[in-house]
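Student: File final-v6.cif follows (mmCIF, C-alpha atoms and all ligand atoms):
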data_run
#
loop_
_atom_site.label_atom_id
_atom_site.label_comp_id
_atom_site.auth_asym_id
_atom_site.auth_seq_id
_atom_site.Cartn_x
_atom_site.Cartn_y
_atom_site.Cartn_z
CA MET A 9 97.43 92.71 101.54
CA THR A 10 94.42 92.90 103.83
CA ARG A 11 92.26 89.85 103.45
CA HIS A 12 88.53 89.89 104.25
CA ARG A 13 88.61 93.69 104.09
CA ASP A 14 84.82 94.09 104.10
CA TYR A 15 84.23 91.73 107.01
CA VAL A 16 81.79 93.02 109.62
CA PRO A 17 81.89 90.97 112.85
CA HIS A 18 78.68 88.96 113.23
CA GLY A 19 77.38 85.53 114.19
CA VAL A 20 79.55 82.96 115.96
CA ILE A 21 83.28 83.73 116.34
CA PRO A 22 84.85 80.91 118.37
CA ALA A 23 88.12 81.38 120.27
CA VAL A 24 90.51 78.53 119.57
CA LEU A 25 92.64 76.62 122.09
CA LEU A 26 96.44 76.45 122.03
CA PRO A 27 98.07 73.05 122.62
CA PHE A 28 101.50 72.84 124.25
CA HIS A 29 104.21 70.18 124.40
CA GLU A 30 105.30 68.84 127.78
CA ASP A 31 108.17 71.33 127.83
CA LEU A 32 105.54 74.09 127.36
CA SER A 33 106.62 74.98 123.84
CA ILE A 34 103.74 75.43 121.37
CA ASP A 35 102.60 72.20 119.72
CA GLU A 36 102.30 73.70 116.23
CA ALA A 37 101.10 70.54 114.45
CA SER A 38 98.25 70.02 116.92
CA TYR A 39 97.38 73.72 116.79
CA ARG A 40 97.12 73.58 113.01
CA ALA A 41 94.91 70.47 113.20
CA HIS A 42 92.69 72.17 115.81
CA LEU A 43 92.38 75.27 113.60
CA ARG A 44 91.33 73.16 110.63
CA ASP A 45 88.78 71.35 112.80
CA VAL A 46 87.19 74.51 114.17
CA ALA A 47 87.26 76.29 110.80
CA SER A 48 85.39 73.40 109.18
CA VAL A 49 82.30 73.96 111.35
CA ASP A 50 79.42 75.40 109.32
CA GLY A 51 78.12 78.85 110.18
CA ILE A 52 81.06 80.47 111.97
CA SER A 53 82.03 83.88 110.60
CA ALA A 54 85.58 84.27 111.98
CA ILE A 55 88.11 82.76 114.40
CA THR A 56 89.56 84.39 117.50
CA THR A 57 93.12 83.67 118.57
CA ASN A 58 95.57 85.04 121.13
CA ALA A 59 92.65 85.30 123.52
CA HIS A 60 92.25 83.76 126.97
CA ALA A 61 91.19 80.42 125.45
CA SER A 62 94.55 80.24 123.69
CA GLU A 63 96.41 80.87 126.95
CA VAL A 64 97.61 84.25 125.73
CA ALA A 65 98.71 85.19 129.24
CA ALA A 66 101.19 82.28 129.20
CA CYS A 67 102.71 83.27 125.85
CA THR A 68 105.60 85.63 125.29
CA PHE A 69 105.22 88.50 122.82
CA ASP A 70 107.18 86.39 120.38
CA GLU A 71 104.93 83.35 120.84
CA GLN A 72 101.83 85.52 120.33
CA ARG A 73 103.27 86.65 116.99
CA ARG A 74 103.99 83.04 116.07
CA VAL A 75 100.43 82.01 116.99
CA LEU A 76 99.04 84.74 114.75
CA ALA A 77 101.36 83.75 111.88
CA LEU A 78 100.35 80.08 112.19
CA THR A 79 96.67 81.02 112.26
CA GLN A 80 97.00 83.22 109.20
CA ASP A 81 98.90 80.54 107.35
CA GLU A 82 96.49 77.74 108.20
CA ILE A 83 93.04 79.36 107.83
CA GLY A 84 93.62 83.04 106.98
CA ALA A 85 92.64 82.59 103.35
CA ARG A 86 89.28 81.08 104.33
CA LEU A 87 88.19 82.98 107.42
CA PRO A 88 88.79 86.39 109.03
CA ILE A 89 90.93 86.23 112.17
CA VAL A 90 90.26 88.26 115.29
CA ASN A 91 93.59 88.59 117.10
CA GLY A 92 93.65 89.58 120.76
CA ILE A 93 96.21 92.10 121.95
CA TYR A 94 97.43 91.16 125.39
CA ALA A 95 100.01 92.83 127.55
CA GLU A 96 101.08 92.12 131.12
CA SER A 97 100.69 95.77 132.02
CA ALA A 98 99.34 99.06 130.70
CA LEU A 99 102.95 100.17 130.09
CA GLU A 100 103.63 97.19 127.83
CA GLY A 101 100.28 97.64 126.07
CA ALA A 102 101.12 101.30 125.40
CA ARG A 103 104.47 100.23 123.95
CA ILE A 104 102.79 97.86 121.52
CA ALA A 105 100.27 100.56 120.54
CA LYS A 106 103.14 103.01 119.92
CA MET A 107 104.95 100.44 117.76
CA ALA A 108 101.79 100.01 115.67
CA HIS A 109 101.14 103.72 115.16
CA GLU A 110 104.75 104.51 114.28
CA GLY A 111 104.79 101.68 111.74
CA GLY A 112 101.53 102.99 110.26
CA ALA A 113 102.79 106.58 110.09
CA SER A 114 105.96 105.45 108.28
CA ALA A 115 103.90 103.57 105.71
CA LEU A 116 101.74 106.66 105.09
CA LEU A 117 104.78 108.89 104.49
CA VAL A 118 106.35 106.40 102.07
CA PHE A 119 103.00 106.03 100.30
CA ARG A 120 102.55 109.80 100.06
CA SER A 121 105.91 110.44 98.37
CA ALA A 122 105.42 107.54 95.93
CA TRP A 123 101.90 108.74 95.12
CA ALA A 124 103.06 112.34 94.55
CA LYS A 125 105.81 111.08 92.23
CA ASP A 126 103.43 108.84 90.30
CA CYS A 127 100.57 111.30 90.02
CA TYR A 128 101.55 114.94 89.92
CA GLN A 129 105.09 115.90 90.94
CA ASP A 130 108.36 115.53 89.07
CA ARG A 131 110.63 115.85 92.08
CA VAL A 132 109.70 114.60 95.54
CA THR A 133 112.95 115.38 97.36
CA ARG A 134 111.23 116.80 100.45
CA GLU A 135 108.57 114.08 100.66
CA ALA A 136 111.17 111.32 100.18
CA ALA A 137 113.47 112.90 102.78
CA MET A 138 110.58 113.02 105.29
CA ALA A 139 109.67 109.39 104.59
CA LYS A 140 113.27 108.12 104.84
CA LEU A 141 113.96 110.12 107.98
CA TYR A 142 110.77 109.16 109.81
CA ALA A 143 110.63 105.51 108.73
CA THR A 144 114.22 104.70 109.71
CA GLU A 145 114.06 106.58 113.02
CA ALA A 146 110.69 104.96 113.83
CA ALA A 147 112.00 101.51 112.89
CA GLN A 148 114.90 102.00 115.31
CA ARG A 149 112.48 102.94 118.13
CA ILE A 150 110.09 100.08 117.28
CA ILE A 151 112.86 97.49 117.27
CA ASP A 152 114.34 98.92 120.44
CA ASP A 153 110.90 98.57 122.10
CA ALA A 154 110.65 94.98 120.82
CA VAL A 155 113.99 94.19 122.49
CA GLN A 156 112.75 95.82 125.69
CA ILE A 157 109.48 93.85 125.67
CA LEU A 158 111.34 90.57 125.15
CA GLY A 159 113.89 91.29 127.86
CA GLY A 160 117.01 89.11 127.70
CA ARG A 161 115.61 86.97 124.89
CA GLY A 162 115.69 89.97 122.59
CA VAL A 163 119.48 90.10 122.66
CA MET A 164 120.14 86.36 122.16
CA ALA A 165 122.23 85.88 119.01
CA ASP A 166 119.73 83.52 117.33
CA HIS A 167 116.68 85.71 117.93
CA PRO A 168 115.12 87.55 114.93
CA VAL A 169 114.73 90.73 117.00
CA ASP A 170 118.46 90.70 117.74
CA LEU A 171 119.13 90.50 114.00
CA LEU A 172 116.74 93.41 113.38
CA TYR A 173 118.38 95.38 116.19
CA ARG A 174 121.79 95.05 114.54
CA SER A 175 120.46 95.61 111.00
CA ILE A 176 118.42 98.77 111.55
CA ARG A 177 121.28 100.94 112.82
CA ALA A 178 122.96 101.45 109.44
CA LEU A 179 119.68 102.52 107.78
CA ARG A 180 119.79 105.80 109.69
CA ILE A 181 123.20 106.46 108.10
CA TYR A 182 123.27 105.35 104.48
CA GLU A 183 121.25 106.88 101.62
CA GLY A 184 121.54 110.16 103.53
CA THR A 185 121.94 110.36 107.29
CA THR A 186 119.09 111.56 109.45
CA GLU A 187 120.87 114.88 110.02
CA ILE A 188 121.31 115.41 106.29
CA GLN A 189 117.60 114.66 105.71
CA HIS A 190 116.80 117.34 108.30
CA LEU A 191 119.05 119.77 106.42
CA ILE A 192 117.38 118.92 103.09
CA ILE A 193 113.89 119.42 104.51
CA ALA A 194 114.85 122.65 106.28
CA GLY A 195 116.55 124.00 103.13
CA MET A 196 113.47 123.31 101.05
CA LEU A 197 111.12 124.88 103.59
CA VAL A 198 113.28 128.02 103.75
CA ALA A 199 113.47 128.22 99.94
CA GLU A 200 109.70 127.84 99.69
CA ALA A 201 109.10 130.55 102.29
CA LYS A 202 111.47 132.91 100.45
CA ALA A 203 109.79 132.21 97.11
CA GLU A 204 106.42 133.07 98.66
CA GLU A 205 107.76 136.38 100.02
CA GLU A 206 109.34 137.51 96.75
CA PRO A 207 107.12 139.65 94.52
CA SER A 208 106.25 138.05 91.18
CA PRO A 209 108.47 139.31 88.35
CA ARG A 210 106.61 141.25 85.66
CA GLY A 211 105.17 139.15 82.92
CA ALA A 212 105.67 135.93 84.82
CA GLY A 213 102.92 133.31 84.89
CA SER A 214 100.57 132.75 87.82
CA ASP A 215 103.23 130.72 89.68
CA GLY A 216 105.64 133.64 89.50
CA GLY A 217 107.77 131.72 87.04
CA ALA A 218 108.99 129.46 89.85
CA SER A 219 109.57 125.91 88.82
CA ARG A 220 110.51 123.13 91.14
C1 LIG B 301 126.20 99.66 106.15
C2 LIG B 301 126.51 100.78 105.19
C3 LIG B 301 126.34 100.57 103.82
C4 LIG B 301 126.65 101.58 102.92
N1 LIG B 301 126.49 101.34 101.60
C5 LIG B 301 126.83 102.27 100.71
C6 LIG B 301 126.71 102.03 99.30
O1 LIG B 301 126.24 100.97 98.88
N2 LIG B 301 127.09 102.99 98.43
C7 LIG B 301 127.60 104.18 98.86
O2 LIG B 301 127.94 105.02 98.03
N3 LIG B 301 127.73 104.44 100.19
C8 LIG B 301 127.35 103.53 101.11
N4 LIG B 301 127.49 103.80 102.47
C9 LIG B 301 128.08 105.08 102.86
C10 LIG B 301 127.05 106.01 103.44
O3 LIG B 301 126.26 106.60 102.43
C11 LIG B 301 127.80 107.08 104.27
O4 LIG B 301 128.35 106.40 105.38
C12 LIG B 301 126.85 108.17 104.73
O5 LIG B 301 126.46 109.00 103.65
C13 LIG B 301 127.52 109.06 105.80
O6 LIG B 301 128.73 109.56 105.32
P1 LIG B 301 130.07 109.44 106.20
O7 LIG B 301 130.20 108.00 106.64
O8 LIG B 301 131.16 110.04 105.41
O9 LIG B 301 129.78 110.28 107.49
P2 LIG B 301 129.97 111.85 107.66
O10 LIG B 301 129.45 112.57 106.47
O11 LIG B 301 131.36 112.11 108.12
O12 LIG B 301 128.96 112.09 108.85
C14 LIG B 301 129.26 111.74 110.21
C15 LIG B 301 128.15 112.28 111.10
O13 LIG B 301 128.09 113.70 111.00
C16 LIG B 301 126.80 114.12 110.63
N5 LIG B 301 126.89 115.27 109.72
C17 LIG B 301 127.64 115.36 108.59
N6 LIG B 301 127.45 116.55 108.02
C18 LIG B 301 126.59 117.24 108.81
C19 LIG B 301 126.02 118.54 108.75
N7 LIG B 301 126.28 119.39 107.76
N8 LIG B 301 125.17 118.88 109.73
C20 LIG B 301 124.86 118.03 110.73
N9 LIG B 301 125.39 116.79 110.85
C21 LIG B 301 126.23 116.41 109.90
C22 LIG B 301 126.18 112.92 109.92
O14 LIG B 301 124.77 112.97 109.98
C23 LIG B 301 126.75 111.77 110.72
O15 LIG B 301 126.01 111.58 111.90
C24 LIG B 301 127.16 102.83 103.39
C25 LIG B 301 127.30 103.05 104.77
C26 LIG B 301 126.97 102.05 105.66
C27 LIG B 301 127.13 102.32 107.14
#
Output the file's structure in the form of structure tokens.
Ligand SMILES: Cc1cc2nc3c(=O)[nH]c(=O)nc-3n(C[C@H](O)[C@H](O)[C@H](O)COP(=O)(O)OP(=O)(O)OC[C@H]3O[C@@H](n4cnc5c(N)ncnc54)[C@H](O)[C@@H]3O)c2cc1C

Tutor:
Amino acid sequence: MTRHRDYVPHGVIPAVLLPFHEDLSIDEASYRAHLRDVASVDGISAITTNAHASEVAACTFDEQRRVLALTQDEIGARLPIVNGIYAESALEGARIAKMAHEGGASALLVFRSAWAKDCYQDRVTREAAMAKLYATEAAQRIIDDAVQILGGRGVMADHPVDLLYRSIRALRIYEGTTEIQHLIIAGMLVAEAKAEEEPSPRGAGSDGGASR
């Protein structure tokens, strides 16, 4: 759930630092302590992380996600967080933007079919087929992009993205393959077009007696 939904940026929003161990891994305990310290200062309205002050340029994509997760966990309930989006190149930035918009579009399609079912429609076969088809295909592309952004690390056996990469493939097959969802959607569109072309039978109601 979105926290601090009505927040309008104002006042002082400090960017926090990111401590590292000698081996250059993130010193999570010190980072948490630093977050608590900064967040306790009176008068600040939010905290910025994954910005230049937190050495974002030195962090991998994975580490940036970890930094955001730590920040949310430590102070997210108390203060809004402004999270920088950093990419080594425009190409990588565009990839991250594409991942975000595909994830958002999937959520909207799933929401739409659930809302139609809850509010006004008995059967949502077409809406559900569109949501399943788009969300699983998009998830495959998003995870594939995540592997690409991470390079070799993304295919290491103990990496979460590797697990996602192996898990997502079956979702495009079970509960109706992508091709079958296309056939369902196409069949329903054709049936709808035919129903619109057919003249209303005499004495039928305003919907031509069609019931779906
Ligand atoms: C990990 C996993 C878990 C599963 N879990 C369950 C479960 O819990 N319960 C259960 O009942 N089933 C389960 N299944 C089975 C799953 O539902 C079927 O594998 C799926 O419906 C595809 O059927 P099939 O394997 O017979 O492939 P096929 O129907 O032989 O399809 C093979 C390929 O041909 C394509 N194709 C088939 N017909 C057409 C067509 N008319 N036009 C265009 N392309 C077509 C398909 O899209 C697919 O790409 C699971 C499958 C997997 C992989």

Student: Output the neighbourhood of ligand LIG 301 (chain B) as JSON, numbers by chain, that is, all protein and nucleic acid residues with some atom at most 9 Å from the ligand, counting only C-alpha atoms and all ligand atoms.

Tutor: {"A": [175, 177, 178, 179, 180, 181, 182, 183, 184, 185, 186, 187, 188, 189, 190, 191]}

Student: From the list A:Ser38, A:Thr68, A:Thr79, A:Thr144, which residue is nearest Ala54 (chain A) when using all atoms listed in the file?

Tutor: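 For Ala54 (chain A), the nearest of the candidates is A:Thr79.
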
Student: For region 14-114 of chain A versus region 158-169 of chain A, which residues have an atom no more than 12 Å away, and what is each residue's nearest atom pair and distance in Å rounded to one decimal, using all atoms listed in the file, chain-then-number order, as a tab-separated table?

Tutor:
residue	atom	partner	partner_atom	distance
A:Cys67	CA	A:Leu158	CA	11.3
A:Thr68	CA	A:Leu158	CA	7.6
A:Phe69	CA	A:Leu158	CA	6.9
A:Asp70	CA	A:Leu158	CA	7.6
A:Glu71	CA	A:Leu158	CA	10.6
A:Gln72	CA	A:Leu158	CA	11.8
A:Ala95	CA	A:Leu158	CA	11.8
A:Glu96	CA	A:Leu158	CA	12.0
A:Glu100	CA	A:Leu158	CA	10.5
A:Arg103	CA	A:Leu158	CA	11.9
A:Ile104	CA	A:Leu158	CA	11.8

Student: Take the point (93.1, 72.6, 115.0) as written in the file and pick out every residue within 10 Å of it, counting all atoms listed in the file; give the list as a PyMOL selection string.

Tutor: chain A and resi 24-27+36-48+79+82-83

Student: How far is it from CA of Met138 (chain A) to CA of Leu116 (chain A), in Å with one decimal?

Tutor: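 Straight-line distance from CA of Met138 (chain A) to CA of Leu116 (chain A) works out to 10.9 Å.
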
Student: Tell me which of A:Lys140, A:Arg134, A:Lys106, A:Arg74 sits closest to Ala199 (chain A), counting all atoms listed in the file.

Tutor: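 The closest residue to Ala199 (chain A) is A:Arg134.
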
Student: How far is it from CA of Ala65 (chain A) to CA of Thr10 (chain A), in Å with one decimal?

Tutor: 26.9 Å

Student: In Å to one decimal, how far is CA of Tyr173 (chain A) from CA of Ile193 (chain A)?

Tutor: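 Distance reported for this atom pair: 27.1 Å.
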
Student: Neighbouring residues of Ala124 (chain A) were defined as those with any atom within 12 Å, considering all atoms listed in the file; residues of the same chain fewer than 6 positions away were excluded. Please report them as a list of chain:residue names.

Tutor: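 That gives A:Leu117, A:Val118, A:Asp130, A:Arg131, A:Val132, A:Thr133, A:Arg134, A:Glu135, A:Ala136.
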
Student: Quick one: residues within 7 Å of Thr57 (chain A), all atoms listed in the file, excluding same-chain residues fewer than 6 positions away - as a ChimeraX atom specification?

Tutor: /A:23-24,90-92

Student: Extending 4 Å beyond the listed atoms of region 98-104 of chain A on each side, what axis-aligned box results? I want centre and edge lengths in Å to one decimal, as AutoDock Vina command-line options.

Tutor:
--center_x 101.9 --center_y 99.2 --center_z 126.1 --size_x 13.1 --size_y 12.1 --size_z 17.2

Student: When distances are computed from all atoms listed in the file, which of A:His60, A:Leu78, A:Ala115, A:His12 shows the smallest separation from Asp35 (chain A)?

Tutor: A:Leu78
